[in-house]
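J.: Below is the file work.txt, with compact mmCIF, N, CA and C atoms.
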# COMPACT_ATOMS: atom_id res chain seq x y z
N MET A 1 0.84 -1.17 0.00
CA MET A 1 0.00 0.00 0.00
C MET A 1 0.89 1.24 0.00
N TYR A 2 0.52 2.21 -0.79
CA TYR A 2 1.27 3.45 -0.86
C TYR A 2 0.77 4.44 0.17
N GLU A 3 1.68 5.19 0.72
CA GLU A 3 1.33 6.20 1.70
C GLU A 3 1.48 7.58 1.07
N MET A 4 0.50 8.43 1.23
CA MET A 4 0.53 9.78 0.68
C MET A 4 1.51 10.63 1.49
N ILE A 5 2.44 11.27 0.82
CA ILE A 5 3.42 12.13 1.49
C ILE A 5 2.81 13.53 1.62
N PRO A 6 2.81 14.10 2.82
CA PRO A 6 2.26 15.44 2.99
C PRO A 6 3.00 16.46 2.11
N GLN A 7 2.24 17.39 1.56
CA GLN A 7 2.81 18.37 0.64
C GLN A 7 3.89 19.21 1.30
N ASP A 8 3.75 19.52 2.57
CA ASP A 8 4.77 20.31 3.27
C ASP A 8 6.10 19.56 3.31
N SER A 9 6.05 18.25 3.42
CA SER A 9 7.29 17.46 3.45
C SER A 9 8.05 17.58 2.14
N ILE A 10 7.33 17.52 1.03
CA ILE A 10 7.98 17.65 -0.28
C ILE A 10 8.56 19.05 -0.44
N LYS A 11 7.78 20.07 -0.06
CA LYS A 11 8.24 21.45 -0.17
C LYS A 11 9.51 21.65 0.67
N ASN A 12 9.51 21.16 1.90
CA ASN A 12 10.68 21.30 2.78
C ASN A 12 11.89 20.59 2.20
N TYR A 13 11.66 19.40 1.63
CA TYR A 13 12.76 18.66 1.02
C TYR A 13 13.34 19.44 -0.16
N ILE A 14 12.47 19.93 -1.04
CA ILE A 14 12.93 20.67 -2.22
C ILE A 14 13.72 21.90 -1.80
N GLU A 15 13.20 22.66 -0.83
CA GLU A 15 13.89 23.87 -0.39
C GLU A 15 15.23 23.54 0.27
N SER A 16 15.32 22.40 0.97
CA SER A 16 16.57 22.05 1.65
C SER A 16 17.66 21.60 0.67
N CYS A 17 17.29 21.19 -0.52
CA CYS A 17 18.26 20.68 -1.51
C CYS A 17 18.93 21.79 -2.31
N GLY A 18 18.45 23.00 -2.20
CA GLY A 18 19.01 24.06 -3.01
C GLY A 18 18.45 23.98 -4.42
N ILE A 19 17.45 24.74 -4.67
CA ILE A 19 16.74 24.69 -5.95
C ILE A 19 17.58 25.33 -7.05
N ILE A 20 17.28 24.96 -8.26
CA ILE A 20 17.95 25.50 -9.45
C ILE A 20 17.74 27.01 -9.51
N SER A 21 18.76 27.72 -9.90
CA SER A 21 18.66 29.17 -10.06
C SER A 21 18.45 29.52 -11.53
N TYR A 22 17.68 30.57 -11.74
CA TYR A 22 17.50 31.10 -13.09
C TYR A 22 18.70 31.98 -13.41
N LYS A 23 19.10 32.05 -14.66
CA LYS A 23 20.31 32.79 -15.05
C LYS A 23 20.28 34.21 -14.49
N ASN A 24 21.34 34.58 -13.80
CA ASN A 24 21.51 35.91 -13.19
C ASN A 24 20.37 36.29 -12.26
N ASN A 25 19.64 35.30 -11.77
CA ASN A 25 18.51 35.55 -10.86
C ASN A 25 17.52 36.56 -11.42
N GLU A 26 17.32 36.52 -12.73
CA GLU A 26 16.43 37.48 -13.41
C GLU A 26 14.97 37.04 -13.35
N VAL A 27 14.43 37.02 -12.13
CA VAL A 27 13.03 36.68 -11.89
C VAL A 27 12.40 37.90 -11.25
N HIS A 28 11.25 38.32 -11.78
CA HIS A 28 10.63 39.57 -11.34
C HIS A 28 9.14 39.38 -11.12
N ARG A 29 8.57 40.29 -10.36
CA ARG A 29 7.12 40.31 -10.12
C ARG A 29 6.62 41.71 -10.38
N SER A 30 5.64 41.81 -11.26
CA SER A 30 5.07 43.11 -11.64
C SER A 30 4.31 43.71 -10.47
N ASP A 31 4.51 45.01 -10.26
CA ASP A 31 3.79 45.71 -9.19
C ASP A 31 2.31 45.88 -9.52
N ASN A 32 1.99 45.98 -10.81
CA ASN A 32 0.61 46.24 -11.23
C ASN A 32 -0.31 45.05 -11.05
N ASP A 33 0.08 43.90 -11.58
CA ASP A 33 -0.83 42.76 -11.57
C ASP A 33 -0.26 41.53 -10.86
N GLY A 34 0.93 41.62 -10.29
CA GLY A 34 1.54 40.51 -9.58
C GLY A 34 2.06 39.40 -10.48
N CYS A 35 2.06 39.62 -11.78
CA CYS A 35 2.53 38.61 -12.73
C CYS A 35 4.04 38.40 -12.55
N ILE A 36 4.46 37.14 -12.52
CA ILE A 36 5.87 36.80 -12.37
C ILE A 36 6.45 36.57 -13.75
N TRP A 37 7.60 37.17 -14.01
CA TRP A 37 8.21 37.02 -15.34
C TRP A 37 9.71 36.81 -15.22
N PHE A 38 10.28 36.26 -16.27
CA PHE A 38 11.69 35.88 -16.32
C PHE A 38 12.34 36.58 -17.50
N ARG A 39 13.52 37.17 -17.27
CA ARG A 39 14.21 37.87 -18.36
C ARG A 39 14.65 36.86 -19.41
N ASP A 40 14.45 37.23 -20.68
CA ASP A 40 14.87 36.38 -21.80
C ASP A 40 16.38 36.41 -21.95
N SER A 41 16.87 35.39 -22.60
CA SER A 41 18.30 35.32 -22.89
C SER A 41 18.68 36.47 -23.81
N SER A 42 19.82 37.07 -23.57
CA SER A 42 20.26 38.20 -24.38
C SER A 42 21.05 37.76 -25.60
N SER A 43 21.40 36.48 -25.65
CA SER A 43 22.14 36.01 -26.82
C SER A 43 21.51 34.71 -27.33
N GLY A 44 21.48 34.54 -28.62
CA GLY A 44 20.91 33.33 -29.19
C GLY A 44 19.40 33.33 -29.11
N ARG A 45 18.84 32.17 -28.78
CA ARG A 45 17.40 32.02 -28.69
C ARG A 45 16.90 32.60 -27.37
N SER A 46 15.84 33.38 -27.43
CA SER A 46 15.32 34.05 -26.23
C SER A 46 14.92 33.08 -25.13
N GLN A 47 14.46 31.91 -25.49
CA GLN A 47 13.99 30.95 -24.49
C GLN A 47 15.08 30.04 -23.95
N SER A 48 16.32 30.25 -24.34
CA SER A 48 17.39 29.32 -23.97
C SER A 48 17.66 29.26 -22.46
N ASP A 49 17.44 30.34 -21.72
CA ASP A 49 17.66 30.30 -20.27
C ASP A 49 16.65 29.39 -19.57
N MET A 50 15.39 29.46 -20.01
CA MET A 50 14.38 28.58 -19.43
C MET A 50 14.65 27.13 -19.84
N GLU A 51 15.03 26.91 -21.08
CA GLU A 51 15.34 25.56 -21.55
C GLU A 51 16.51 24.97 -20.78
N TYR A 52 17.49 25.80 -20.45
CA TYR A 52 18.64 25.33 -19.68
C TYR A 52 18.18 24.74 -18.34
N VAL A 53 17.30 25.47 -17.64
CA VAL A 53 16.79 24.99 -16.35
C VAL A 53 16.02 23.69 -16.54
N LEU A 54 15.16 23.64 -17.55
CA LEU A 54 14.34 22.45 -17.79
C LEU A 54 15.18 21.20 -18.09
N ASN A 55 16.37 21.40 -18.64
CA ASN A 55 17.20 20.27 -19.04
C ASN A 55 18.28 19.89 -18.04
N THR A 56 18.23 20.44 -16.83
CA THR A 56 19.21 20.06 -15.81
C THR A 56 18.73 18.81 -15.07
N PRO A 57 19.65 17.97 -14.63
CA PRO A 57 19.26 16.78 -13.86
C PRO A 57 18.50 17.14 -12.57
N LYS A 58 18.85 18.25 -11.97
CA LYS A 58 18.18 18.65 -10.72
C LYS A 58 16.70 18.96 -10.98
N PHE A 59 16.41 19.65 -12.10
CA PHE A 59 15.02 19.93 -12.44
C PHE A 59 14.26 18.61 -12.64
N ARG A 60 14.86 17.68 -13.36
CA ARG A 60 14.20 16.39 -13.61
C ARG A 60 13.92 15.65 -12.30
N HIS A 61 14.87 15.72 -11.38
CA HIS A 61 14.68 15.08 -10.08
C HIS A 61 13.47 15.67 -9.36
N PHE A 62 13.42 17.00 -9.26
CA PHE A 62 12.30 17.64 -8.57
C PHE A 62 10.99 17.41 -9.32
N HIS A 63 11.02 17.46 -10.64
CA HIS A 63 9.81 17.23 -11.44
C HIS A 63 9.27 15.83 -11.17
N ASN A 64 10.16 14.85 -11.03
CA ASN A 64 9.72 13.48 -10.73
C ASN A 64 9.10 13.34 -9.34
N LEU A 65 9.41 14.24 -8.42
CA LEU A 65 8.82 14.20 -7.08
C LEU A 65 7.41 14.78 -7.04
N MET A 66 7.05 15.51 -8.07
CA MET A 66 5.73 16.14 -8.11
C MET A 66 4.68 15.12 -8.55
N PRO A 67 3.41 15.42 -8.31
CA PRO A 67 2.36 14.45 -8.68
C PRO A 67 2.46 14.04 -10.16
N ALA A 68 2.10 12.79 -10.43
CA ALA A 68 2.15 12.27 -11.80
C ALA A 68 1.35 13.17 -12.73
N GLY A 69 1.90 13.42 -13.89
CA GLY A 69 1.21 14.23 -14.88
C GLY A 69 1.45 15.72 -14.75
N THR A 70 2.29 16.13 -13.80
CA THR A 70 2.58 17.56 -13.64
C THR A 70 3.29 18.06 -14.90
N ASN A 71 2.73 19.07 -15.49
CA ASN A 71 3.29 19.69 -16.69
C ASN A 71 4.67 20.27 -16.36
N PRO A 72 5.66 20.14 -17.25
CA PRO A 72 6.99 20.70 -16.96
C PRO A 72 6.97 22.21 -16.71
N VAL A 73 6.04 22.93 -17.35
CA VAL A 73 5.95 24.38 -17.13
C VAL A 73 5.46 24.67 -15.72
N VAL A 74 4.49 23.91 -15.25
CA VAL A 74 3.98 24.08 -13.88
C VAL A 74 5.09 23.73 -12.89
N ALA A 75 5.83 22.67 -13.16
CA ALA A 75 6.95 22.29 -12.29
C ALA A 75 8.00 23.41 -12.25
N PHE A 76 8.30 23.98 -13.40
CA PHE A 76 9.25 25.10 -13.49
C PHE A 76 8.75 26.27 -12.64
N CYS A 77 7.48 26.62 -12.79
CA CYS A 77 6.91 27.74 -12.02
C CYS A 77 6.99 27.48 -10.53
N GLN A 78 6.62 26.25 -10.11
CA GLN A 78 6.66 25.90 -8.69
C GLN A 78 8.07 26.03 -8.13
N LEU A 79 9.04 25.50 -8.84
CA LEU A 79 10.43 25.55 -8.36
C LEU A 79 10.96 26.98 -8.32
N MET A 80 10.64 27.79 -9.32
CA MET A 80 11.13 29.16 -9.34
C MET A 80 10.51 29.99 -8.22
N VAL A 81 9.24 29.75 -7.91
CA VAL A 81 8.60 30.48 -6.81
C VAL A 81 9.22 30.08 -5.48
N LEU A 82 9.52 28.80 -5.30
CA LEU A 82 10.18 28.38 -4.05
C LEU A 82 11.59 28.95 -3.96
N GLN A 83 12.30 28.96 -5.08
CA GLN A 83 13.68 29.49 -5.10
C GLN A 83 13.72 30.99 -4.82
N TYR A 84 12.81 31.73 -5.41
CA TYR A 84 12.84 33.20 -5.33
C TYR A 84 11.71 33.76 -4.47
N ARG A 85 11.31 33.00 -3.50
CA ARG A 85 10.21 33.39 -2.61
C ARG A 85 10.41 34.79 -2.01
N SER A 86 11.60 35.07 -1.48
CA SER A 86 11.87 36.37 -0.86
C SER A 86 11.87 37.48 -1.91
N GLN A 87 12.55 37.24 -3.00
CA GLN A 87 12.66 38.24 -4.07
C GLN A 87 11.28 38.59 -4.64
N LEU A 88 10.35 37.65 -4.61
CA LEU A 88 9.00 37.87 -5.14
C LEU A 88 8.02 38.34 -4.06
N ASN A 89 8.53 38.65 -2.87
CA ASN A 89 7.72 39.11 -1.74
C ASN A 89 6.63 38.10 -1.35
N LEU A 90 7.02 36.84 -1.27
CA LEU A 90 6.07 35.79 -0.90
C LEU A 90 6.48 35.08 0.39
N ASP A 91 7.38 35.68 1.16
CA ASP A 91 7.88 35.04 2.38
C ASP A 91 6.79 34.72 3.39
N ASN A 92 5.82 35.60 3.53
CA ASN A 92 4.80 35.42 4.56
C ASN A 92 3.56 34.69 4.05
N GLU A 93 3.62 34.19 2.83
CA GLU A 93 2.47 33.50 2.24
C GLU A 93 2.61 31.99 2.43
N SER A 94 1.49 31.32 2.62
CA SER A 94 1.47 29.86 2.65
C SER A 94 0.11 29.41 2.12
N GLY A 95 0.10 28.24 1.53
CA GLY A 95 -1.14 27.72 0.96
C GLY A 95 -1.00 27.50 -0.53
N THR A 96 -2.14 27.38 -1.19
CA THR A 96 -2.19 27.12 -2.62
C THR A 96 -2.76 28.34 -3.32
N TYR A 97 -2.06 28.79 -4.38
CA TYR A 97 -2.45 30.01 -5.08
C TYR A 97 -2.47 29.79 -6.59
N LEU A 98 -3.36 30.49 -7.27
CA LEU A 98 -3.35 30.55 -8.73
C LEU A 98 -2.55 31.79 -9.09
N VAL A 99 -1.40 31.59 -9.72
CA VAL A 99 -0.45 32.68 -9.98
C VAL A 99 -0.29 32.88 -11.48
N ASN A 100 -0.19 34.15 -11.88
CA ASN A 100 0.06 34.48 -13.29
C ASN A 100 1.55 34.57 -13.55
N PHE A 101 1.98 33.95 -14.64
CA PHE A 101 3.36 33.99 -15.09
C PHE A 101 3.39 34.48 -16.53
N HIS A 102 4.49 35.08 -16.91
CA HIS A 102 4.72 35.41 -18.32
C HIS A 102 6.00 34.69 -18.70
N LEU A 103 5.86 33.62 -19.49
CA LEU A 103 7.00 32.76 -19.81
C LEU A 103 6.74 32.00 -21.10
N TRP A 104 7.69 31.16 -21.44
CA TRP A 104 7.57 30.30 -22.61
C TRP A 104 6.68 29.14 -22.21
N LYS A 105 5.40 29.19 -22.58
CA LYS A 105 4.39 28.29 -22.03
C LYS A 105 4.26 26.95 -22.74
N ASP A 106 4.75 26.84 -23.95
CA ASP A 106 4.68 25.58 -24.67
C ASP A 106 6.03 24.88 -24.59
N VAL A 107 6.06 23.75 -23.92
CA VAL A 107 7.30 22.99 -23.78
C VAL A 107 7.13 21.66 -24.50
N TYR A 108 8.08 21.38 -25.36
CA TYR A 108 8.06 20.15 -26.15
C TYR A 108 9.09 19.18 -25.59
N THR A 109 8.70 17.90 -25.52
CA THR A 109 9.58 16.87 -24.99
C THR A 109 10.07 16.00 -26.14
N SER A 110 11.37 15.84 -26.24
CA SER A 110 11.96 14.93 -27.22
C SER A 110 12.56 13.76 -26.46
N LYS A 111 12.19 12.58 -26.87
CA LYS A 111 12.67 11.36 -26.22
C LYS A 111 13.89 10.86 -26.96
N ASN A 112 14.99 10.69 -26.25
CA ASN A 112 16.23 10.20 -26.84
C ASN A 112 16.55 8.84 -26.22
N GLU A 113 16.29 7.79 -26.96
CA GLU A 113 16.55 6.45 -26.45
C GLU A 113 17.86 5.93 -27.02
N ALA A 114 18.74 5.55 -26.15
CA ALA A 114 20.00 4.96 -26.60
C ALA A 114 19.72 3.53 -27.07
N GLN A 115 20.23 3.21 -28.23
CA GLN A 115 19.99 1.88 -28.78
C GLN A 115 20.68 0.82 -27.91
N LEU A 116 20.01 -0.30 -27.72
CA LEU A 116 20.51 -1.41 -26.91
C LEU A 116 20.80 -0.99 -25.46
N SER A 117 20.02 -0.07 -24.98
CA SER A 117 20.20 0.42 -23.62
C SER A 117 18.83 0.59 -22.98
N GLN A 118 18.80 0.56 -21.67
CA GLN A 118 17.54 0.81 -20.99
C GLN A 118 17.41 2.27 -20.57
N GLN A 119 18.38 3.06 -20.95
CA GLN A 119 18.38 4.48 -20.58
C GLN A 119 17.54 5.29 -21.55
N VAL A 120 16.65 6.08 -21.02
CA VAL A 120 15.83 6.98 -21.83
C VAL A 120 16.03 8.39 -21.29
N ASN A 121 16.39 9.30 -22.14
CA ASN A 121 16.57 10.70 -21.77
C ASN A 121 15.54 11.55 -22.49
N PHE A 122 15.14 12.61 -21.85
CA PHE A 122 14.23 13.55 -22.46
C PHE A 122 14.95 14.89 -22.55
N SER A 123 14.70 15.61 -23.61
CA SER A 123 15.19 16.97 -23.67
C SER A 123 13.99 17.86 -23.95
N TYR A 124 14.01 19.03 -23.36
CA TYR A 124 12.89 19.96 -23.48
C TYR A 124 13.27 21.15 -24.35
N SER A 125 12.32 21.63 -25.10
CA SER A 125 12.49 22.89 -25.83
C SER A 125 11.21 23.69 -25.62
N ALA A 126 11.32 25.02 -25.64
CA ALA A 126 10.18 25.88 -25.32
C ALA A 126 9.86 26.81 -26.48
N ALA A 127 8.59 27.22 -26.54
CA ALA A 127 8.14 28.15 -27.59
C ALA A 127 6.93 28.91 -27.08
N ASN A 128 6.56 29.93 -27.79
CA ASN A 128 5.34 30.71 -27.54
C ASN A 128 5.29 31.37 -26.16
N LYS A 129 5.91 32.51 -26.06
CA LYS A 129 5.89 33.25 -24.79
C LYS A 129 4.55 33.96 -24.66
N ASP A 130 3.93 33.75 -23.51
CA ASP A 130 2.61 34.33 -23.27
C ASP A 130 2.32 34.23 -21.78
N ASN A 131 1.16 34.71 -21.38
CA ASN A 131 0.73 34.59 -19.99
C ASN A 131 0.29 33.16 -19.73
N PHE A 132 0.56 32.69 -18.52
CA PHE A 132 0.27 31.32 -18.14
C PHE A 132 -0.13 31.32 -16.67
N ARG A 133 -1.21 30.65 -16.34
CA ARG A 133 -1.65 30.57 -14.95
C ARG A 133 -1.33 29.18 -14.41
N ALA A 134 -0.74 29.14 -13.24
CA ALA A 134 -0.38 27.87 -12.62
C ALA A 134 -0.78 27.87 -11.15
N ILE A 135 -1.17 26.72 -10.67
CA ILE A 135 -1.46 26.57 -9.24
C ILE A 135 -0.14 26.24 -8.55
N ILE A 136 0.21 27.09 -7.59
CA ILE A 136 1.50 27.02 -6.89
C ILE A 136 1.25 26.82 -5.40
N CYS A 137 2.04 25.97 -4.80
CA CYS A 137 1.95 25.73 -3.36
C CYS A 137 3.09 26.42 -2.64
N LEU A 138 2.78 27.20 -1.64
CA LEU A 138 3.79 27.89 -0.84
C LEU A 138 3.75 27.37 0.59
I'd like the structure from this file rewritten - as structure tokens, please.

T.:
Amino acid sequence: MYEMIPQDSIKNYIESCGIISYKNNEVHRSDNDGCIWFRDSSSGRSQSDMEYVLNTPKFRHFHNLMPAGTNPVVAFCQLMVLQYRSQLNLDNESGTYLVNFHLWKDVYTSKNEAQLSQQVNFSYSAANKDNFRAIICL
């Protein structure tokens, strides 16, 4: 029989491991509407900074700890909010919130299977920057 792990336990574990940082800590929250946004890459493809985070082993580890079927974009939003909680003025908040983000909302998964191996790797790529609403737990 499986035992349900309390959500606070997962949050505490993730925060204790040192969450992935966004390039140059360029995570911001709009004063007008509270929308959280991430600065685009200044060189190459604009979405490359977000793709970098999505393709790190640490992100994959945390994403696997989230409930089955969690969208990679929602996982990214959850991790970034936990990482930048103070910077986003969310220190005194707790609970579940519907939060607006402005980011690369379409993430594509490419499966890379090594021949004659049991290893399967996924790589993510992002497209279509727009507003995105995600349920975030603090």

J.: Expressed in Å to a single decimal, how great is the separation between atom CA of A:Gly34 and atom CA of A:Ala75?

T.: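 If I compute the distance from atom CA of A:Gly34 to atom CA of A:Ala75, I get 19.2 Å.
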
J.: Skip stretch 78-88 of chain A itself and residues of its chain fewer than 2 positions away, then list as a PyMOL selection string all residues within 7 Å of it, counting all atoms listed in the file.

T.: chain A and resi 15+19-20+27-29+73-76+90-91+135-137

J.: Can you list every residue in chain A that DSSP puts in helix (DSSP H, G or I), as a ChimeraX atom specification?

T.: /A:7-16,23-25,48-54,57-65,72-83

J.: For stretch 37-70 of chain A versus stretch 100-106 of chain A, which residues have an atom no more than 7 Å away, and what is each residue's nearest atom pair and distance in Å rounded to one decimal, using only C-alpha atoms, chain-then-number order, as JSON lines?

T.:
{"residue": "A:Trp37", "atom": "CA", "partner": "A:His102", "partner_atom": "CA", "distance": 4.9}
{"residue": "A:Phe38", "atom": "CA", "partner": "A:Leu103", "partner_atom": "CA", "distance": 6.6}
{"residue": "A:Gln47", "atom": "CA", "partner": "A:Trp104", "partner_atom": "CA", "distance": 6.7}

J.: Report the distance between atom CA of A:Asp40 and atom CA of A:Gly95 in Å, rounded to one decimal place.

T.: 29.1 Å

J.: So which bits of chain A end up strand (DSSP E) when you DSSP the backbone, as a VMD selection string?

T.: chain A and resid 27 to 29 36 to 38 96 to 113 120 to 137

J.: Work out how far apart atom CA of A:Glu51 and atom CA of A:Phe122 are and give it in Å to one decimal.

T.: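 According to the coordinates, atom CA of A:Glu51 and atom CA of A:Phe122 are separated by 12.1 Å.
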
J.: May I ask which of the residues A:Ser21, A:Thr70, A:Ser41, A:Ser46 is the closest one to A:Asn128, counting only C-alpha atoms?

T.: A:Ser46

J.: Could you put an axis-aligned box around every listed atom of stretch 17-35 of chain A, padded by 5 Å on each side, and send me its centre and edge lengths in Å to one decimal, as JSON?

T.:
{"center_x": 10.3, "center_y": 33.5, "center_z": -7.8, "size_x": 32.3, "size_y": 35.6, "size_z": 24.5}

J.: Starting from the sparse input, extend stretch 98-114 of chain A to N, CA, C and O atoms and give the output as a compact mmCIF listing (two decimals), keeping the file's coordinate frame.

T.:
# COMPACT_ATOMS: atom_id res chain seq x y z
N LEU A 98 -3.36 30.49 -7.27
CA LEU A 98 -3.35 30.55 -8.73
C LEU A 98 -2.55 31.79 -9.09
O LEU A 98 -2.94 32.91 -8.76
N VAL A 99 -1.40 31.59 -9.72
CA VAL A 99 -0.45 32.68 -9.98
C VAL A 99 -0.29 32.88 -11.48
O VAL A 99 -0.24 31.92 -12.24
N ASN A 100 -0.19 34.15 -11.88
CA ASN A 100 0.06 34.48 -13.29
C ASN A 100 1.55 34.57 -13.55
O ASN A 100 2.29 35.19 -12.77
N PHE A 101 1.98 33.95 -14.64
CA PHE A 101 3.36 33.99 -15.09
C PHE A 101 3.39 34.48 -16.53
O PHE A 101 2.42 34.30 -17.27
N HIS A 102 4.49 35.08 -16.91
CA HIS A 102 4.72 35.41 -18.32
C HIS A 102 6.00 34.69 -18.70
O HIS A 102 7.09 35.06 -18.26
N LEU A 103 5.86 33.62 -19.49
CA LEU A 103 7.00 32.76 -19.81
C LEU A 103 6.74 32.00 -21.10
O LEU A 103 5.71 32.16 -21.73
N TRP A 104 7.69 31.16 -21.44
CA TRP A 104 7.57 30.30 -22.61
C TRP A 104 6.68 29.14 -22.21
O TRP A 104 7.11 28.22 -21.55
N LYS A 105 5.40 29.19 -22.58
CA LYS A 105 4.39 28.29 -22.03
C LYS A 105 4.26 26.95 -22.74
O LYS A 105 3.71 26.01 -22.19
N ASP A 106 4.75 26.84 -23.95
CA ASP A 106 4.68 25.58 -24.67
C ASP A 106 6.03 24.88 -24.59
O ASP A 106 7.02 25.39 -25.10
N VAL A 107 6.06 23.75 -23.92
CA VAL A 107 7.30 22.99 -23.78
C VAL A 107 7.13 21.66 -24.50
O VAL A 107 6.15 20.94 -24.29
N TYR A 108 8.08 21.38 -25.36
CA TYR A 108 8.06 20.15 -26.15
C TYR A 108 9.09 19.18 -25.59
O TYR A 108 10.20 19.57 -25.24
N THR A 109 8.70 17.90 -25.52
CA THR A 109 9.58 16.87 -24.99
C THR A 109 10.07 16.00 -26.14
O THR A 109 9.26 15.48 -26.91
N SER A 110 11.37 15.84 -26.24
CA SER A 110 11.96 14.93 -27.22
C SER A 110 12.56 13.76 -26.46
O SER A 110 13.33 13.95 -25.52
N LYS A 111 12.19 12.58 -26.87
CA LYS A 111 12.67 11.36 -26.22
C LYS A 111 13.89 10.86 -26.96
O LYS A 111 13.85 10.65 -28.17
N ASN A 112 14.99 10.69 -26.25
CA ASN A 112 16.23 10.20 -26.84
C ASN A 112 16.55 8.84 -26.22
O ASN A 112 17.01 8.76 -25.10
N GLU A 113 16.29 7.79 -26.96
CA GLU A 113 16.55 6.45 -26.45
C GLU A 113 17.86 5.93 -27.02
O GLU A 113 18.05 5.91 -28.23
N ALA A 114 18.74 5.55 -26.15
CA ALA A 114 20.00 4.96 -26.60
C ALA A 114 19.72 3.53 -27.07
O ALA A 114 19.05 2.77 -26.38
